[in-house]
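Participant: Below is a structure I'd like to ask you about.
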Amino acid sequence: MGVVFRQSAKNSIVVILGAILGALIIWLSTTYLTKPQLGFTRNLTNYAVALSQILLLGLNNTLAVYIHRYANDERKKRSLITICLALPVVIAAIFSAVYISLHAWILPHFQPADIPYMQRYFYWLPVYTLLFIYMVILEQYLGSQMRVAVSAFMREVVIRVASIALILLFGFGYIAFNVFVIGSILIYCLPVLIFLFLSALTKGFGISFHKDDFTKGEYKEMLHFSWYHFLLTVSVLLMGYMDALSLPFYDRNGFSSVAIYSVAVFFISFLQLPLKAMMPASFTVLAKAFADGDMPKARDIFSRSSINILIPTVGIAVLLCCNLENAITVIKNGYTEIIPVFAILFIGNIVNIATGMNDQVLSIANYYKFNFYLSLFLMGVLFLLIRVLVPRYGIYGAAWSTTTILMAFNILKFLFVWKKLDMQPFSKGTVLVVVAATAALAGGYFFPHFFDQAHHIYVRTFADVAMRSTVIVIVYAMMLLWLKPSPDLQEYIATIKKNKRLF
C-alpha cells in the first residue's frame with residue numbers, strides 16, 4: 001500500500017488543484033451566464049457523459065481488468081487494446097444515426113423556453129459524446145499502467161483552465177454564446193490527443209488484431225464480462241444522473257432548475273475528491289491481488305483503502321459544512337436554494353463513500369450480476385420517485401429521490417460483500433476518524449465571525465473562509481496525529497520526515 005499511498009498523494013494534489021479551478025468555473029459561470037445558459041451547458045455535458053459511459057459497452061472495465069491478465073502476452077494485449085478502441089466508434093456511429101433520426105421526437109420533451117437551446121446545438125451531442133468515450137477509455141488504460149497523476153492533470157487542470165478562458169472571453173464580450181458552447185466541446189480534443197500520445201509511450205501499447213489471438217472461450221468470457229458491466233454501468237449511471245437528466249423534463253423551470261441543482265452537485269463533488277485521487281491506484285493493486293488469488297492481501301487492501309479514503313473525505317465534509325454559507329454569499333444571483341439541496345444530497349453521498357470500494361470489489365470478484373440486478377431494480381424505483389416528487393417539489397424532490405436510492409444501494413452492497421467475501425470497510429479506525437471530525441466540526445462551527453460582509457464582500461468572505469478552514473484543518477490534523485486511525489498515514493508521515501519530501 002506504500003506505493004499506492006504515494007501515487008494517490010501525487011494524484012491528490014492534482015485533484016485538489018482541479019477542485020479549486022472548478023470552484024472558479026462555478027463562480028464565473030454564475031456571474032456571466034444566465035441560469036438557462038448555465039443549465040443548458042451543464043445539461044449538455046451530463047448527456048454527453050452519460051451517453052459515453054453507455055456507448056463504451058463496459059469495455060473500459062474489460063480493459064482495466066484483462067490488461068493485467070495479458071500483461072505477459074504482447075499479442076493479446078495489443079488485440080485487447082484494439083478492440084476496446086475500435087468498437088466504441090462503430091457503436092457511436094450507430095447511435096448518432098438513430099439520434100439524428102429522432103430529432104423531431106426529442107425536442108418537444110423539453111420545456112418550451114429551453115427548446116431553442118437544444119435545437120441550435122442538437123447535432124453537437126454525438127461529437128461531445130465521442131470525445132468523452134475516448135477520454136474515459138484512454139484514461140482507464142493509463143490508470144492501469146500507474147500513470148494516474150498525468151491523466152488526472154489533463155482532466156482536472158488543463159481542461160478547466162481552458163474552460164475558464166472560454167468563460168472570461170464570453171463574459172467580457174469577445175466571443176458569442178455560440179462560440180462558447182462549441183469551444184467548450186472541442187477543448188476535449190486536447191486531452192484525447194495527449195492521452196493517446198502518453199499511452200503510445202507505455203510498454204506494450206499498440207494496435208494489432210487477429211481473430212485467432214483469443215480462443216472462443218476467451219472471447220465468450222470477455223463478451224460476458226463486458227455485457228454485464230455494460231448493463232451495470234447503465235443502471236448505476238442512470239441512478240447517478242437520472243435526477244439531473246430528468247429536471248428539464250419534469251421541473252417547470254427547466255434549465256434554470258438544472259443550473260441551481262448542478263451547483264449543489266458541484267459542492268457535493270468535493271466529497272468525491274479523495275475517492276477520485278486514491279481509487280485508481282487502489283483498484284489496480286486490488287485487481288492484481290484478486291488475479292493472484294491472494295484474498296488475505298485483497299481484504300487488507302480493501303480495509304486500508306477504505307479508511308485512507310474516509311479520512312480526507314470526512315475532513316472535506318467538515319470544511320464544506322462550515323463554509324457553505326460563505327460560498328453562497330459569494331455566488332449570489334438567486335442561488336440560495338443550493339443549501340437545502342446540498343444537505344439532502346450530502347446524506348446519500350457520505351454513506352456511499354463510507355461503505356468503501358464495493359463496486360470495484362463486486363466487479364473484480366465476478367459478483368457484478370448481483371450489482372446489476374440490484375441497480376436495475378433500484379433504478380426503476382428511482383424513476384418512480386422522480387416522476388412523482390420532481391413535478392411537486394422540483395429540485396428538492398430530485399435530491400430526496402437520489403439520496404434515498406443511493407443509501408439503499410450502498411447499504412445492500414456493503415452487506416453482500418461482507419457476507420460473500422468477508423470484506424467490510426469499518427474498523428476501530430472509522431470510529432477514531434469520526435471522533436477527530438467531530439472535534440474539527442466543533443472548532444469550525446463555533447469559530448466566531450469577525451467580519452461584517454456588508455462591505456467588501458469578497459475580501460471579508462474569503463478572509464473568514466481562510467481563518468475558519470485553518471482552524472478546522474489544524475484541529476483535524478492534530479486529532480489524527482493523536483488518534484492514529486490509519487497505519488498508512490503514519491507510514492507516509494514517517495517517510496516525509498525521513499526523506500524531507502512529499503513523494
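In the C-alpha cells, each chain is lettered A, B, ... as it comes, each chain's residues begin at 1, and ligands are numbered from 1 in order of appearance.
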For A:Thr45, work out the shell of residues within 12 Å, counting only C-alpha atoms and skipping chain neighbours fewer than 3 positions away, then give it as a PyMOL selection string.

Facilitator: chain A and resi 38-42+48-52+121+124-129+131-132+181-182+184-185+188+241+244-245+258+262

Participant: Using the selection just defined, write its residues with C-alpha atoms as a tab-separated table (two decimals), in the first residue's frame.

Facilitator:
chain	number	residue	atom	x	y	z
A	38	LEU	CA	-25.68	27.60	-17.34
A	39	GLY	CA	-28.37	24.95	-17.02
A	40	PHE	CA	-28.17	24.14	-20.73
A	41	THR	CA	-24.37	23.78	-20.80
A	42	ARG	CA	-24.43	21.56	-17.71
A	48	ALA	CA	-22.50	13.51	-23.15
A	49	VAL	CA	-21.01	11.91	-20.03
A	50	ALA	CA	-23.96	9.56	-19.56
A	51	LEU	CA	-24.06	8.51	-23.21
A	52	SER	CA	-20.29	7.99	-23.35
A	121	TYR	CA	-26.79	22.55	-30.62
A	124	TRP	CA	-23.05	18.59	-31.38
A	125	LEU	CA	-24.05	15.98	-28.80
A	126	PRO	CA	-22.64	12.96	-30.76
A	127	VAL	CA	-19.30	14.79	-31.16
A	128	TYR	CA	-19.18	15.62	-27.46
A	129	THR	CA	-20.05	12.03	-26.58
A	131	LEU	CA	-14.68	12.76	-27.20
A	132	PHE	CA	-15.74	11.63	-23.73
A	181	VAL	CA	-20.64	26.29	-26.37
A	182	ILE	CA	-18.79	24.82	-29.35
A	184	SER	CA	-16.43	24.00	-24.56
A	185	ILE	CA	-16.95	20.81	-26.57
A	188	TYR	CA	-11.77	17.85	-25.10
A	241	TYR	CA	-27.57	11.05	-13.36
A	244	ALA	CA	-30.20	15.97	-13.21
A	245	LEU	CA	-31.21	14.46	-16.56
A	258	VAL	CA	-30.65	22.47	-13.67
A	262	SER	CA	-25.72	21.49	-10.83

Participant: Of the candidates A:Asp292, A:Thr403, A:Ser269, A:Gln53, which one gets nearest to A:Val136 if we count only C-alpha atoms?

Facilitator: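 With only C-alpha atoms as the atom set, the closest residue is A:Gln53.
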
Participant: Pick out the residues sitting within 12 Å of A:Leu56, and hand them over as a count of residues only; count only C-alpha atoms, and ignore anything fewer than 6 positions along from it in its own chain.

Facilitator: 33

Participant: Between atom CA of A:Arg75 and atom CA of A:Tyr219, what is the distance, to one decimal in Å?

Facilitator: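 One can read the atom CA of A:Arg75 to atom CA of A:Tyr219 distance as 14.7 Å.
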
Participant: Given only C-alpha atoms, how would the per-residue table for stretch 233-264 of chain A near stretch 323-342 of chain A read, listing every residue at most 10 Å away with its closest atom pair and distance in Å to one decimal, sorted by chain and number, as JSON lines?

Facilitator:
{"residue": "A:Ser257", "atom": "CA", "partner": "A:Glu337", "partner_atom": "CA", "distance": 9.9}
{"residue": "A:Ala259", "atom": "CA", "partner": "A:Tyr335", "partner_atom": "CA", "distance": 8.9}
{"residue": "A:Ile260", "atom": "CA", "partner": "A:Tyr335", "partner_atom": "CA", "distance": 6.2}
{"residue": "A:Tyr261", "atom": "CA", "partner": "A:Ile338", "partner_atom": "CA", "distance": 6.9}
{"residue": "A:Ser262", "atom": "CA", "partner": "A:Ile338", "partner_atom": "CA", "distance": 9.0}
{"residue": "A:Val263", "atom": "CA", "partner": "A:Ile338", "partner_atom": "CA", "distance": 7.0}
{"residue": "A:Ala264", "atom": "CA", "partner": "A:Ile338", "partner_atom": "CA", "distance": 5.2}

Participant: Can you pull out every residue within 12 Å of stretch 381-386 of chain A, counting only C-alpha atoms, but drop anything in the same chain fewer than 6 positions away, and send it as JSON, numbers by chain?

Facilitator: {"A": [235, 236, 238, 239, 240, 241, 242, 243, 244, 245, 246, 247, 249, 250, 251, 374, 375, 392, 393, 394, 395, 396, 397, 398, 399, 400, 401, 402, 403, 404, 405, 406, 407, 408, 409]}

Participant: Keeping only C-alpha atoms, take the residues you just selected and write them out as a short mmCIF file (atom, residue, chain, number, x, y, z; two decimals), in the first residue's frame.

Facilitator:
data_model
loop_
_atom_site.label_atom_id
_atom_site.label_comp_id
_atom_site.auth_asym_id
_atom_site.auth_seq_id
_atom_site.Cartn_x
_atom_site.Cartn_y
_atom_site.Cartn_z
CA SER A 235 -28.20 1.11 -14.29
CA VAL A 236 -25.63 2.63 -11.91
CA LEU A 238 -28.73 6.35 -14.50
CA MET A 239 -29.05 6.21 -10.73
CA GLY A 240 -26.35 8.86 -10.52
CA TYR A 241 -27.57 11.05 -13.36
CA MET A 242 -31.30 10.45 -13.54
CA ASP A 243 -32.11 13.34 -11.19
CA ALA A 244 -30.20 15.97 -13.21
CA LEU A 245 -31.21 14.46 -16.56
CA SER A 246 -34.90 14.45 -15.59
CA LEU A 247 -35.15 18.02 -14.31
CA PHE A 249 -38.49 17.35 -18.48
CA TYR A 250 -40.39 17.31 -15.18
CA ASP A 251 -39.49 20.60 -13.49
CA LEU A 374 -29.82 -4.65 -7.58
CA SER A 375 -29.08 -1.47 -9.51
CA ARG A 392 -44.38 18.50 -6.97
CA TYR A 393 -41.17 19.55 -5.20
CA GLY A 394 -38.77 20.39 -8.04
CA ILE A 395 -35.08 20.16 -7.19
CA TYR A 396 -35.83 19.04 -3.60
CA GLY A 397 -37.80 16.08 -4.92
CA ALA A 398 -34.91 15.16 -7.20
CA ALA A 399 -32.42 15.37 -4.32
CA TRP A 400 -34.50 13.22 -1.95
CA SER A 401 -35.12 10.64 -4.68
CA THR A 402 -31.41 10.27 -5.35
CA THR A 403 -30.35 10.19 -1.71
CA THR A 404 -32.92 7.55 -0.79
CA ILE A 405 -31.80 5.21 -3.56
CA LEU A 406 -28.09 5.89 -3.05
CA MET A 407 -28.33 4.94 0.62
CA ALA A 408 -30.28 1.75 -0.11
CA PHE A 409 -27.90 0.76 -2.91
#

Participant: Would you kindly return, as number ranges by chain, each protein, DNA or RNA residue with an atom no farther than 9 Å from any atom of A:Phe426, considering only C-alpha atoms and excluding same-chain residues fewer than 3 positions away?

Facilitator: A: 303, 306-307, 354-356, 429-431
